[in-house]
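Peer 1: Got start_36.pdb for you, PDB, C-alpha atoms, pLDDT in the B column:
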```pdb
ATOM      1  CA  MET R  61     103.579  92.301 101.146  1.00 51.00           C
ATOM      2  CA  PRO R  62     103.822  95.458 103.267  1.00 83.00           C
ATOM      3  CA  VAL R  63     101.420  94.247 106.004  1.00 90.00           C
ATOM      4  CA  THR R  64     100.851  90.846 107.661  1.00 91.00           C
ATOM      5  CA  LEU R  65      98.523  89.588 110.380  1.00 92.00           C
ATOM      6  CA  THR R  66      99.821  86.498 112.153  1.00 93.00           C
ATOM      7  CA  LYS R  67      98.575  84.490 115.126  1.00 93.00           C
ATOM      8  CA  MET R  68     100.923  84.444 118.132  1.00 91.00           C
ATOM      9  CA  VAL R  69     101.839  81.002 119.498  1.00 90.00           C
ATOM     10  CA  ASP R  70     103.836  80.809 122.745  1.00 89.00           C
ATOM     11  CA  GLY R  71     104.675  84.500 122.461  1.00 87.00           C
ATOM     12  CA  LYS R  72     106.075  84.243 118.929  1.00 87.00           C
ATOM     13  CA  PRO R  73     104.441  84.731 115.524  1.00 88.00           C
ATOM     14  CA  ALA R  74     103.290  81.459 113.939  1.00 88.00           C
ATOM     15  CA  VAL R  75     104.619  82.664 110.567  1.00 87.00           C
ATOM     16  CA  ASN R  76     107.851  84.653 110.385  1.00 85.00           C
ATOM     17  CA  ASP R  77     108.205  87.716 108.208  1.00 85.00           C
ATOM     18  CA  THR R  78     110.835  90.398 107.691  1.00 85.00           C
ATOM     19  CA  LEU R  79     108.673  93.320 108.835  1.00 89.00           C
ATOM     20  CA  GLU R  80     110.269  95.118 111.785  1.00 88.00           C
ATOM     21  CA  ASN R  81     107.331  97.295 112.897  1.00 93.00           C
ATOM     22  CA  GLU R  82     104.518  95.634 114.808  1.00 93.00           C
ATOM     23  CA  GLN R  83     101.338  96.092 116.801  1.00 94.00           C
ATOM     24  CA  ILE R  84      99.950  93.345 119.053  1.00 94.00           C
ATOM     25  CA  LEU R  85      96.176  92.802 118.852  1.00 94.00           C
ATOM     26  CA  GLN R  86      93.839  90.583 120.846  1.00 94.00           C
ATOM     27  CA  CYS R  87      90.587  89.118 119.600  1.00 93.00           C
ATOM     28  CA  SER R  88      87.728  91.097 121.141  1.00 89.00           C
ATOM     29  CA  LEU R  89      85.720  87.879 121.576  1.00 90.00           C
ATOM     30  CA  CYS R  90      88.366  85.598 123.154  1.00 93.00           C
ATOM     31  CA  ASP R  91      92.023  85.477 124.277  1.00 90.00           C
ATOM     32  CA  GLU R  92      93.746  84.837 120.908  1.00 93.00           C
ATOM     33  CA  VAL R  93      96.603  87.256 120.219  1.00 94.00           C
ATOM     34  CA  TYR R  94      97.821  88.423 116.808  1.00 94.00           C
ATOM     35  CA  ARG R  95     100.780  90.389 115.462  1.00 94.00           C
ATOM     36  CA  LEU R  96     100.206  93.081 112.855  1.00 94.00           C
ATOM     37  CA  GLY R  97     103.531  93.540 111.072  1.00 93.00           C
ATOM     38  CA  TYR R  98     104.019  96.440 108.692  1.00 93.00           C
ATOM     39  CA  SER R  99     106.761  98.028 106.624  1.00 91.00           C
ATOM     40  CA  ASP R 100     108.157 101.525 107.113  1.00 91.00           C
ATOM     41  CA  GLY R 101     106.181 102.667 104.071  1.00 89.00           C
ATOM     42  CA  GLU R 102     102.881 101.777 105.773  1.00 88.00           C
ATOM     43  CA  TRP R 103     103.417 103.730 109.015  1.00 86.00           C
ATOM     44  CA  ASN R 104     100.983 106.432 107.910  1.00 88.00           C
ATOM     45  CA  ARG R 105      98.179 103.891 107.350  1.00 88.00           C
ATOM     46  CA  VAL R 106      98.569 101.930 110.598  1.00 91.00           C
ATOM     47  CA  LYS R 107      95.296 103.265 112.021  1.00 91.00           C
ATOM     48  CA  ASP R 108      93.423 102.037 108.937  1.00 91.00           C
ATOM     49  CA  TRP R 109      95.257  98.698 108.941  1.00 91.00           C
ATOM     50  CA  LEU R 110      94.310  98.219 112.608  1.00 93.00           C
ATOM     51  CA  ASN R 111      90.614  98.554 111.702  1.00 92.00           C
ATOM     52  CA  ILE R 112      91.008  96.046 108.865  1.00 91.00           C
ATOM     53  CA  ALA R 113      92.933  93.680 111.165  1.00 93.00           C
ATOM     54  CA  GLU R 114      90.273  93.815 113.883  1.00 93.00           C
ATOM     55  CA  ARG R 115      87.605  92.955 111.318  1.00 90.00           C
ATOM     56  CA  SER R 116      89.703  90.039 110.010  1.00 91.00           C
ATOM     57  CA  ILE R 117      90.238  88.728 113.555  1.00 93.00           C
ATOM     58  CA  ARG R 118      86.494  88.810 114.293  1.00 90.00           C
ATOM     59  CA  GLU R 119      85.797  86.926 111.049  1.00 89.00           C
ATOM     60  CA  ASP R 120      88.475  84.359 111.911  1.00 90.00           C
ATOM     61  CA  HIS R 121      86.899  83.926 115.368  1.00 90.00           C
ATOM     62  CA  LYS R 122      83.850  82.467 113.615  1.00 87.00           C
ATOM     63  CA  ARG R 123      86.200  79.845 112.119  1.00 88.00           C
ATOM     64  CA  LYS R 124      87.709  79.046 115.562  1.00 90.00           C
ATOM     65  CA  HIS R 125      91.051  80.820 114.841  1.00 86.00           C
ATOM     66  CA  ARG R 126      92.406  77.933 112.776  1.00 84.00           C
ATOM     67  CA  ALA R 127      94.460  80.041 110.340  1.00 84.00           C
ATOM     68  CA  GLU R 128      98.036  80.923 111.284  1.00 87.00           C
ATOM     69  CA  SER R 129      98.084  83.993 109.059  1.00 86.00           C
ATOM     70  CA  LEU R 130      95.084  86.083 108.042  1.00 86.00           C
ATOM     71  CA  ASP R 131      94.545  87.810 104.729  1.00 77.00           C
ATOM     72  CA  MET R 132      93.827  91.494 104.773  1.00 79.00           C
ATOM     73  CA  GLU R 133      92.707  93.528 101.799  1.00 75.00           C
ATOM     74  CA  TRP R 134      93.040  97.276 101.427  1.00 74.00           C
ATOM     75  CA  LYS R 135      89.800  98.620  99.997  1.00 71.00           C
ATOM     76  CA  PRO R 136      90.088 102.274  99.031  1.00 67.00           C
ATOM     77  CA  MET R 137      87.180 104.443 100.075  1.00 65.00           C
ATOM     78  CA  ARG R 138      84.720 105.272  97.352  1.00 65.00           C
ATOM     79  CA  ARG R 139      83.638 108.832  96.942  1.00 66.00           C
ATOM     80  CA  LYS R 140      79.966 109.654  96.764  1.00 68.00           C
ATOM     81  CA  ARG R 141      79.054 111.954  93.927  1.00 66.00           C
TER      82      ARG R 141
END
```
Here is the file; what I need is its structure written in the form of structure tokens.

Peer 2:
Amino acid sequence: MPVTLTKMVDGKPAVNDTLENEQILQCSLCDEVYRLGYSDGEWNRVKDWLNIAERSIREDHKRKHRAESLDMEWKPMRRKR
């Protein structure tokens, strides 16, 4: 998987991965912190992945941040005809 979103526990990701690139995100509704890890091939989509990650974090907030790793799905934009 080229991108992961993992909750940070004691300053370290709850689930380890082999992705070297990262962005640290905080839940906009509380103090939970997450790590967005991505591969070198995804560097050009980081801005889009950040938007998807923020949405996933807000949805997980409703579930009290119980999951250690959140699923993110890339949904290509649909063109209007």

Peer 1: Just give me the gap between CA of Asn81 (chain R) and CA of Leu96 (chain R) in Å, one decimal is fine.

Peer 2: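 Between CA of Asn81 (chain R) and CA of Leu96 (chain R) the gap works out to 8.3 Å.
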
Peer 1: Pick from R:Trp103, R:Cys87, R:Glu119, R:Val63: nearest to Trp134 (chain R), with all atoms listed in the file counted?

Peer 2: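 That would be R:Val63, the residue with the smallest distance to Trp134 (chain R).
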
Peer 1: Please enumerate the residues selected by the PyMOL selection byres ((chain R and resi 109) around 12) when evaluated against the supplied file, formatted as number ranges by chain.

Peer 2: R: 62-65, 82-83, 85, 95-99, 102-108, 110-116, 131-136

Peer 1: Just say which residues the PyMOL selection byres ((chain R and resi 75) around 10) picks in this file, as an MDAnalysis selection string.

Peer 2: chainID R and resid 64:69 72:74 76:77 95 128:129

Peer 1: Between CA of Gly101 (chain R) and CA of Arg126 (chain R), measure the distance and give it in Å to one decimal.

Peer 2: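 A separation of 29.6 Å between them.
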
Peer 1: To one decimal in Å, tell me the separation between CA of Gln86 (chain R) and CA of Asp70 (chain R).

Peer 2: 14.1 Å
